[in-house]
There are 2 protein chains.
Amino acid sequence: MRAVFLAAGEGKRLRPYFNRPKPLVHLLGLSLIERNILSLRECGIKEFVVITGCYADEIQDYLGNGEKLGVEIKYLHSEDWELGNGVTAYTFHRDYRQNEKFILMMSDHIFGLDLLKTFIDEAGNIKENELLIAADRRLEKVYDLDECTKIKAEQDYALKLGKQLHDFNAVDCGLFIGTGALLDALSKAISQGGYTFTDGVNILAESGKAKLHFVNDFWIDVDDQASYQYCEKILLQSLVSAKDGFISRHLNRRFSLRITRLLARTGITPNQVTVISFLTAVAAAFCFALGKNLCGGLFAQLSSIIDGVDGEIARLKFQKSSYGGLFDSILDRYADFVMVIGVTYWWYSATNSPVALLVAAAALTGIPMSMLFKEKYHALTGKPFLPERYDGIFRYLPANRDGRLFIIMLGGIFNLLPAALVILAVVAHLQTFIRLYQARRLM
Amino acid sequence: MRAVFLAAGEGKRLRPYFNRPKPLVHLLGLSLIERNILSLRECGIKEFVVITGCYADEIQDYLGNGEKLGVEIKYLHSEDWELGNGVTAYTFHRDYRQNEKFILMMSDHIFGLDLLKTFIDEAGNIKENELLIAADRRLEKVYDLDECTKIKAEQDYALKLGKQLHDFNAVDCGLFIGTGALLDALSKAISQGGYTFTDGVNILAESGKAKLHFVNDFWIDVDDQASYQYCEKILLQSLVSAKDGFISRHLNRRFSLRITRLLARTGITPNQVTVISFLTAVAAAFCFALGKNLCGGLFAQLSSIIDGVDGEIARLKFQKSSYGGLFDSILDRYADFVMVIGVTYWWYSATNSPVALLVAAAALTGIPMSMLFKEKYHALTGKPFLPERYDGIFRYLPANRDGRLFIIMLGGIFNLLPAALVILAVVAHLQTFIRLYQARRLM
């Protein structure tokens with residue numbers, strides 16, 4: 001399926017803040033239209049048609065043929081874009097392929113990935129003469145309701161649409177699956193002097209052909225400074241992983257999301273962030289070895305926070321890669337190892353106690369066990385190991401990386417590093433034994 | 001699909017050696033008929049019909065309703081089994097279900113698992129009035145050709161079968177996919193005084209309905225002492241894993257297969273063997289710690305050998321389980337850890353050199369890296385990491401467990417344990433770095 005973007009408007013309201021065409025306004029490191037292209041690429045869409053009007057050259061210069069984004073982009077220019085977005089959309093008839101279904105999207109709206117995926121899945125369920133409209137009936141959640149195109153819906157079909165509609169029960173999200181019937185309707189509307197996209201859609205709605213798909217995920221029309229900031233906030237919140245441990249969720253993310261917000265604007269890659277997180281851990285290790293425990297503890301926690309940033313940037317800027325995941329996993333293990341070795345160096349130098357060596361050995365051998373166990377379980381059963389479901393009461397053991405580094409930080413701050421190391425070692429092995437015991441029933 | 005076993009005969013030639021009905025003769029821990037049932041269970045067959053004759057009660061008492069084997073077994077008794085195996089096979093007409101295709105097997109033949117899987121896959125490709133015969137045209141490989149039923153084949157069809165056939169180009173393996181047409185043919189043959197199974201099959205062959213499937217894997221009719229021993233040998237050889245490292249393949253398997261041959265007869269489980277392998281490693285660690293390096297080295301190698309036995313027994317006796325794989329993986333890591341700690345204890349006690357501690361830390365952290373890397377790669381890409389393809393020239397690094405333990409053994413024998421530990425550590429981390437570098441291109 002191809003995607004058609006309407007990118008012809010002037011975008012007056014955002015212009016004063018950004019001095020560039022609205023589809024090219026940057027938000028967390030990507031222009032609005034780039035984010036939409038990359039979101040759809042995640043849904044398997046590879047061919048794009050961008051309909052330009054006001055800032056045709058700027059947009060075309062910026063996006064090029066799409067190669068940089070791993071997609072194909074073709075441009076259609078609407079001479080009469082000023083008449084209305086119905087005229088702009090109708091421009092697509094020049095490139096329309098017989099019986100094709102296509103996604104039609106406002107290039108300055110931002111959509112959650114789940115919303116897009118679910119919506120595109122629905123494309124197969126509409127008839128060849130229907131239009132599918134992404135609609136939101138959670139009116140209390142809609143941002144800037146005044147500016148939205150309202151819909152009077154009856155069950156799954158739209159009866160009428162309009163910005164000034166008084167009797168409505170949903171709004172249109174600026175996302176559609178079109179068929180040839182849409183182009184016919186737009187043509188008919190234009191011939192009758194109706195130049196907006198809504199005019200065309202209303203012709204289909206009158207004949208019961210404007211089907212609705214009600215969305216459950218985030219979307220927003222980035223139209224002014226306030227909606228821009230709101231969009232930033234929602235996108236950042238969406239980066240928090242469901243797999244987060246307790247410390248990650250309640251402490252680290254508060255900081256890592258701020259760092260991500262700053263770094264997203266730069267060209268830094270997730271793998272570079274992974275290296276920075278590792279080097280921060282090495283700094284912590286040196287501090288520990290030199291007896292600067294407070295400093296080491298803070299570096300350890302900082303490393304843990306930065307360890308979240310690589311993934312956040314990767315998800316935010318569509319830079320996720322298997323290699324990134326592997327690189328992060330391996331470097332995390334090394335980071336933990338060097339910190340334990342740093343602590344041990346200081347402890348053993350200070351006390352010459354063989355207990356320090358024994359605890360260090362236990363900690364070093366315990367650290368990789370959680371990951372080893374989970375990955376092996378996954379490989380053997382084909383299902384991920386779900387600690388929150390399988391570990392029972394023991395899911396509160398701080399044996400994940402966020403918990404481990406938090407214990408090291410506390411050890412550093414309160415000058416209790418030997419105790420921290422003992423806890424680390426005991427928790428890691430205890431968790432392994434418990435899981436090995438529980439797994440007999442699970443597998 | 002159901003499987004029908006012919007288990008009515010006397011089995012005179014093996015009787016003197018084993019004092020029990022031939023289908024119940026034990027070979028590497030399982031009776032012949034049990035091995036066939038479990039092999040077919042691996043192919044997804046769950047319902048079995050056993051046709052008994054001579055030793056009906058013994059067989060039924062032994063196998064029961066199949067619950068122990070995780071299948072359903074039903075018995076049919078052939079009163080006239082002495083007339084011939086055609087009469088025995090025809091007994092199945094009492095339980096035959098309209099239009100059913102069924103596997104028919106001599107219960108005292110043993111088949112390679114691949115042979116069975118490929119053969120059963122072919123069942124869909126025969127017509128409803130055909131018979132499918134597993135046939136072997138690799139005549140030079142057939143064990144005891146004299147005793148086989150020969151086939152004159154033209155392309156994929158049998159023209160004639162018979163034990164005394166002079167002009168033949170294949171032999172029958174004792175494995176069939178039958179349809180109602182087979183039962184009709186057997187009935188017709190019996191009414192004409194032809195009581196052997198071959199008599200019935202020849203009626204189908206004459207009308208061009210005896211289709212052949214040519215096998216490429218191991219099968220054998222276990223008929224006498226020599227074929228019994230040959231079967232044992234082939235089954236044991238089939239246990240060698242394709243993923244074996246160099247030391248495993250060329251050294252460990254020579255011993256482990258012998259141990260497996262002995263242990264298969266006992267009730268020992270693969271997980272118990274895993275524990276024994278671990279305890280042997282603990283013994284090695286104690287020897288190292290006490291400075292008994294030769295003894296420790298030998299125990300280390302013994303542990304490595306026994307580490308192969310659990311998998312061999314699991315495959316041989318159809319006791320493979322995901323949990324067994326996980327348990328083995330985790331215990332192997334612990335086994336390696338305790339041996340390194342044992343060696344370090346001795347080295348550091350003797351020299352008080354911090355180098356020993358550094359090397360130990362490097363070895364302990366390096367040991368889990370190979371497995372971590374491979375499992376994570378698998379989880380992220382969905383494909384297994386193939387060292388022999390991806391590691392290039394570095395696949396010869398002894399960084400797998402068999403290589404590691406061999407180095408420890410050499411260190412023990414030649415009293416060069418510090419050097420062995422250094423090699424272990426260097427190789428483990430070197431391999432990780434190389435893989436991390438190479439994986440950028442692979443993923």
# chains A, B, ... in the order shown; residues from 1 in each chain; ligands from 1

call {"tool": "interface_residues", "arguments": {"of": "chain B", "to": "chain A", "cutoff": "8 Å", "atoms": "only C-alpha atoms", "output": "list of chain:residue names"}}
result
B:Ser322, B:Tyr323, B:Gly325, B:Leu326, B:Phe327, B:Ser329, B:Ile330, B:Phe337, B:Ile341, B:Ala361, B:Leu364, B:Thr365, B:Pro368, B:Met369, B:Met371, B:Leu372, B:Phe373, B:Glu375, B:Lys376, B:Tyr377, B:His378, B:Ala379, B:Leu380, B:Thr381, B:Leu436, B:Ala439, B:Arg440, B:Met443

call {"tool": "write_last_selection", "arguments": {"atoms": "N, CA and C atoms", "output": "PDB file, in the first residue's frame"}}
result
ATOM      1  N   SER B 322      13.250 -28.973  27.423  1.00  0.00           N
ATOM      2  CA  SER B 322      13.776 -27.613  27.487  1.00  0.00           C
ATOM      3  C   SER B 322      14.431 -27.392  28.836  1.00  0.00           C
ATOM      4  N   TYR B 323      13.776 -27.895  29.876  1.00  0.00           N
ATOM      5  CA  TYR B 323      14.332 -27.667  31.199  1.00  0.00           C
ATOM      6  C   TYR B 323      15.710 -28.294  31.314  1.00  0.00           C
ATOM      7  N   GLY B 325      17.882 -28.647  29.018  1.00  0.00           N
ATOM      8  CA  GLY B 325      18.825 -27.773  28.323  1.00  0.00           C
ATOM      9  C   GLY B 325      19.220 -26.583  29.178  1.00  0.00           C
ATOM     10  N   LEU B 326      18.237 -25.995  29.840  1.00  0.00           N
ATOM     11  CA  LEU B 326      18.489 -24.835  30.693  1.00  0.00           C
ATOM     12  C   LEU B 326      19.341 -25.228  31.899  1.00  0.00           C
ATOM     13  N   PHE B 327      18.945 -26.306  32.540  1.00  0.00           N
ATOM     14  CA  PHE B 327      19.644 -26.800  33.732  1.00  0.00           C
ATOM     15  C   PHE B 327      21.108 -27.070  33.398  1.00  0.00           C
ATOM     16  N   SER B 329      22.896 -25.802  30.898  1.00  0.00           N
ATOM     17  CA  SER B 329      23.596 -24.544  30.591  1.00  0.00           C
ATOM     18  C   SER B 329      24.033 -23.823  31.860  1.00  0.00           C
ATOM     19  N   ILE B 330      23.116 -23.699  32.808  1.00  0.00           N
ATOM     20  CA  ILE B 330      23.418 -22.941  34.024  1.00  0.00           C
ATOM     21  C   ILE B 330      24.466 -23.691  34.856  1.00  0.00           C
ATOM     22  N   PHE B 337      33.057 -21.813  36.755  1.00  0.00           N
ATOM     23  CA  PHE B 337      33.406 -20.833  37.783  1.00  0.00           C
ATOM     24  C   PHE B 337      34.179 -21.500  38.929  1.00  0.00           C
ATOM     25  N   ILE B 341      37.986 -20.725  40.226  1.00  0.00           N
ATOM     26  CA  ILE B 341      38.217 -20.278  41.604  1.00  0.00           C
ATOM     27  C   ILE B 341      39.195 -21.227  42.311  1.00  0.00           C
ATOM     28  N   ALA B 361      39.938 -12.714  37.598  1.00  0.00           N
ATOM     29  CA  ALA B 361      38.802 -11.838  37.289  1.00  0.00           C
ATOM     30  C   ALA B 361      38.513 -11.867  35.791  1.00  0.00           C
ATOM     31  N   LEU B 364      36.924 -15.325  34.973  1.00  0.00           N
ATOM     32  CA  LEU B 364      35.544 -15.447  35.460  1.00  0.00           C
ATOM     33  C   LEU B 364      34.577 -14.612  34.622  1.00  0.00           C
ATOM     34  N   THR B 365      35.012 -13.417  34.245  1.00  0.00           N
ATOM     35  CA  THR B 365      34.116 -12.563  33.457  1.00  0.00           C
ATOM     36  C   THR B 365      34.049 -13.012  31.998  1.00  0.00           C
ATOM     37  N   PRO B 368      31.294 -16.599  30.743  1.00  0.00           N
ATOM     38  CA  PRO B 368      29.906 -16.612  30.261  1.00  0.00           C
ATOM     39  C   PRO B 368      29.695 -15.855  28.954  1.00  0.00           C
ATOM     40  N   MET B 369      30.726 -15.168  28.465  1.00  0.00           N
ATOM     41  CA  MET B 369      30.537 -14.254  27.336  1.00  0.00           C
ATOM     42  C   MET B 369      30.137 -14.961  26.046  1.00  0.00           C
ATOM     43  N   MET B 371      28.437 -17.728  25.588  1.00  0.00           N
ATOM     44  CA  MET B 371      27.033 -18.112  25.632  1.00  0.00           C
ATOM     45  C   MET B 371      26.124 -16.881  25.601  1.00  0.00           C
ATOM     46  N   LEU B 372      26.501 -15.859  26.378  1.00  0.00           N
ATOM     47  CA  LEU B 372      25.714 -14.623  26.397  1.00  0.00           C
ATOM     48  C   LEU B 372      25.559 -14.067  24.994  1.00  0.00           C
ATOM     49  N   PHE B 373      26.688 -14.003  24.306  1.00  0.00           N
ATOM     50  CA  PHE B 373      26.690 -13.425  22.965  1.00  0.00           C
ATOM     51  C   PHE B 373      25.782 -14.231  22.041  1.00  0.00           C
ATOM     52  N   GLU B 375      23.342 -16.397  22.676  1.00  0.00           N
ATOM     53  CA  GLU B 375      21.916 -16.409  23.015  1.00  0.00           C
ATOM     54  C   GLU B 375      21.264 -15.065  22.686  1.00  0.00           C
ATOM     55  N   LYS B 376      21.988 -13.983  22.971  1.00  0.00           N
ATOM     56  CA  LYS B 376      21.430 -12.657  22.702  1.00  0.00           C
ATOM     57  C   LYS B 376      21.278 -12.457  21.184  1.00  0.00           C
ATOM     58  N   TYR B 377      22.289 -12.892  20.452  1.00  0.00           N
ATOM     59  CA  TYR B 377      22.224 -12.809  18.989  1.00  0.00           C
ATOM     60  C   TYR B 377      20.986 -13.539  18.481  1.00  0.00           C
ATOM     61  N   HIS B 378      20.774 -14.726  19.006  1.00  0.00           N
ATOM     62  CA  HIS B 378      19.635 -15.552  18.613  1.00  0.00           C
ATOM     63  C   HIS B 378      18.317 -14.842  18.927  1.00  0.00           C
ATOM     64  N   ALA B 379      18.248 -14.290  20.155  1.00  0.00           N
ATOM     65  CA  ALA B 379      17.006 -13.636  20.575  1.00  0.00           C
ATOM     66  C   ALA B 379      16.712 -12.413  19.699  1.00  0.00           C
ATOM     67  N   LEU B 380      17.755 -11.682  19.333  1.00  0.00           N
ATOM     68  CA  LEU B 380      17.537 -10.432  18.598  1.00  0.00           C
ATOM     69  C   LEU B 380      17.283 -10.654  17.115  1.00  0.00           C
ATOM     70  N   THR B 381      17.930 -11.665  16.548  1.00  0.00           N
ATOM     71  CA  THR B 381      17.797 -11.851  15.101  1.00  0.00           C
ATOM     72  C   THR B 381      16.842 -12.986  14.753  1.00  0.00           C
ATOM     73  N   LEU B 436      31.819  -9.092  18.419  1.00  0.00           N
ATOM     74  CA  LEU B 436      31.113  -7.813  18.494  1.00  0.00           C
ATOM     75  C   LEU B 436      31.440  -6.974  17.263  1.00  0.00           C
ATOM     76  N   ALA B 439      29.788  -8.786  14.141  1.00  0.00           N
ATOM     77  CA  ALA B 439      28.323  -8.817  14.145  1.00  0.00           C
ATOM     78  C   ALA B 439      27.724  -7.575  13.496  1.00  0.00           C
ATOM     79  N   ARG B 440      28.499  -6.482  13.460  1.00  0.00           N
ATOM     80  CA  ARG B 440      27.978  -5.276  12.809  1.00  0.00           C
ATOM     81  C   ARG B 440      27.562  -5.560  11.381  1.00  0.00           C
ATOM     82  N   MET B 443      24.289  -8.410  11.277  1.00  0.00           N
ATOM     83  CA  MET B 443      22.937  -8.198  11.824  1.00  0.00           C
ATOM     84  C   MET B 443      22.147  -7.155  11.026  1.00  0.00           C
TER      85      MET B 443
END

call {"tool": "select_by_dssp", "arguments": {"residues": "segment 206-370 of chain B", "states": "strand (DSSP E)", "output": "VMD selection string"}}
result
chain B and resid 210 to 214 219 to 221

call {"tool": "atom_distance", "arguments": {"atom1": "atom CA of Lys292 of chain B", "atom2": "atom CA of Phe406 of chain B"}}
result
16.8 Å

call {"tool": "select_by_dssp", "arguments": {"residues": "segment 80-161 of chain B", "states": "alpha helix (DSSP H)", "output": "MDAnalysis selection string"}}
result
chainID B and resid 85:90 113:121

call {"tool": "write_last_selection", "arguments": {"atoms": "N, CA and C atoms", "output": "mmCIF file, in the first residue's frame"}}
result
data_model
loop_
_atom_site.group_PDB
_atom_site.id
_atom_site.type_symbol
_atom_site.label_atom_id
_atom_site.label_comp_id
_atom_site.auth_asym_id
_atom_site.auth_seq_id
_atom_site.Cartn_x
_atom_site.Cartn_y
_atom_site.Cartn_z
ATOM 1 N N ASN B 85 2.346 -63.204 8.131
ATOM 2 C CA ASN B 85 2.171 -61.814 8.588
ATOM 3 C C ASN B 85 1.141 -61.040 7.750
ATOM 4 N N GLY B 86 0.713 -61.605 6.627
ATOM 5 C CA GLY B 86 -0.390 -61.003 5.878
ATOM 6 C C GLY B 86 -1.682 -61.154 6.672
ATOM 7 N N VAL B 87 -1.856 -62.318 7.258
ATOM 8 C CA VAL B 87 -3.039 -62.572 8.081
ATOM 9 C C VAL B 87 -3.022 -61.645 9.295
ATOM 10 N N THR B 88 -1.835 -61.520 9.906
ATOM 11 C CA THR B 88 -1.691 -60.615 11.059
ATOM 12 C C THR B 88 -2.082 -59.191 10.667
ATOM 13 N N ALA B 89 -1.534 -58.709 9.571
ATOM 14 C CA ALA B 89 -1.796 -57.333 9.146
ATOM 15 C C ALA B 89 -3.277 -57.138 8.844
ATOM 16 N N TYR B 90 -3.889 -58.157 8.241
ATOM 17 C CA TYR B 90 -5.303 -58.020 7.860
ATOM 18 C C TYR B 90 -6.202 -57.836 9.091
ATOM 19 N N LEU B 113 15.267 -41.286 12.737
ATOM 20 C CA LEU B 113 14.168 -40.335 12.909
ATOM 21 C C LEU B 113 13.904 -39.539 11.627
ATOM 22 N N ASP B 114 14.965 -39.175 10.930
ATOM 23 C CA ASP B 114 14.796 -38.425 9.682
ATOM 24 C C ASP B 114 14.048 -39.252 8.648
ATOM 25 N N LEU B 115 14.386 -40.540 8.593
ATOM 26 C CA LEU B 115 13.695 -41.430 7.662
ATOM 27 C C LEU B 115 12.199 -41.420 7.934
ATOM 28 N N LEU B 116 11.833 -41.558 9.208
ATOM 29 C CA LEU B 116 10.408 -41.594 9.556
ATOM 30 C C LEU B 116 9.714 -40.285 9.197
ATOM 31 N N LYS B 117 10.375 -39.180 9.556
ATOM 32 C CA LYS B 117 9.750 -37.876 9.294
ATOM 33 C C LYS B 117 9.519 -37.669 7.807
ATOM 34 N N THR B 118 10.536 -37.936 6.998
ATOM 35 C CA THR B 118 10.416 -37.746 5.557
ATOM 36 C C THR B 118 9.352 -38.665 4.976
ATOM 37 N N PHE B 119 9.320 -39.893 5.461
ATOM 38 C CA PHE B 119 8.360 -40.865 4.942
ATOM 39 C C PHE B 119 6.927 -40.428 5.238
ATOM 40 N N ILE B 120 6.708 -40.009 6.483
ATOM 41 C CA ILE B 120 5.353 -39.610 6.886
ATOM 42 C C ILE B 120 4.904 -38.373 6.105
ATOM 43 N N ASP B 121 5.850 -37.485 5.826
ATOM 44 C CA ASP B 121 5.509 -36.303 5.014
ATOM 45 C C ASP B 121 4.963 -36.691 3.649
#

call {"tool": "residues_around", "arguments": {"residues": "Asn36 of chain B", "least_positions_apart": "5", "cutoff": "8 Å", "atoms": "only C-alpha atoms", "output": "ChimeraX atom specification"}}
result
/B:107,110-111

call {"tool": "atom_distance", "arguments": {"atom1": "atom CA of Tyr75 of chain B", "atom2": "atom CA of Ile51 of chain B"}}
result
5.8 Å

call {"tool": "closest_residue", "arguments": {"among": "B:Leu69, B:Leu132, B:Leu298, B:Val25", "to": "Asp108 of chain B", "atoms": "only C-alpha atoms"}}
result
B:Val25

call {"tool": "residues_around", "arguments": {"residues": "Val343 of chain B", "least_positions_apart": "6", "cutoff": "8 Å", "atoms": "only C-alpha atoms", "output": "ChimeraX atom specification"}}
result
/B:285,288-289,417-418

call {"tool": "atom_distance", "arguments": {"atom1": "atom CA of Gly180 of chain A", "atom2": "atom CA of Gly66 of chain A"}}
result
25.6 Å
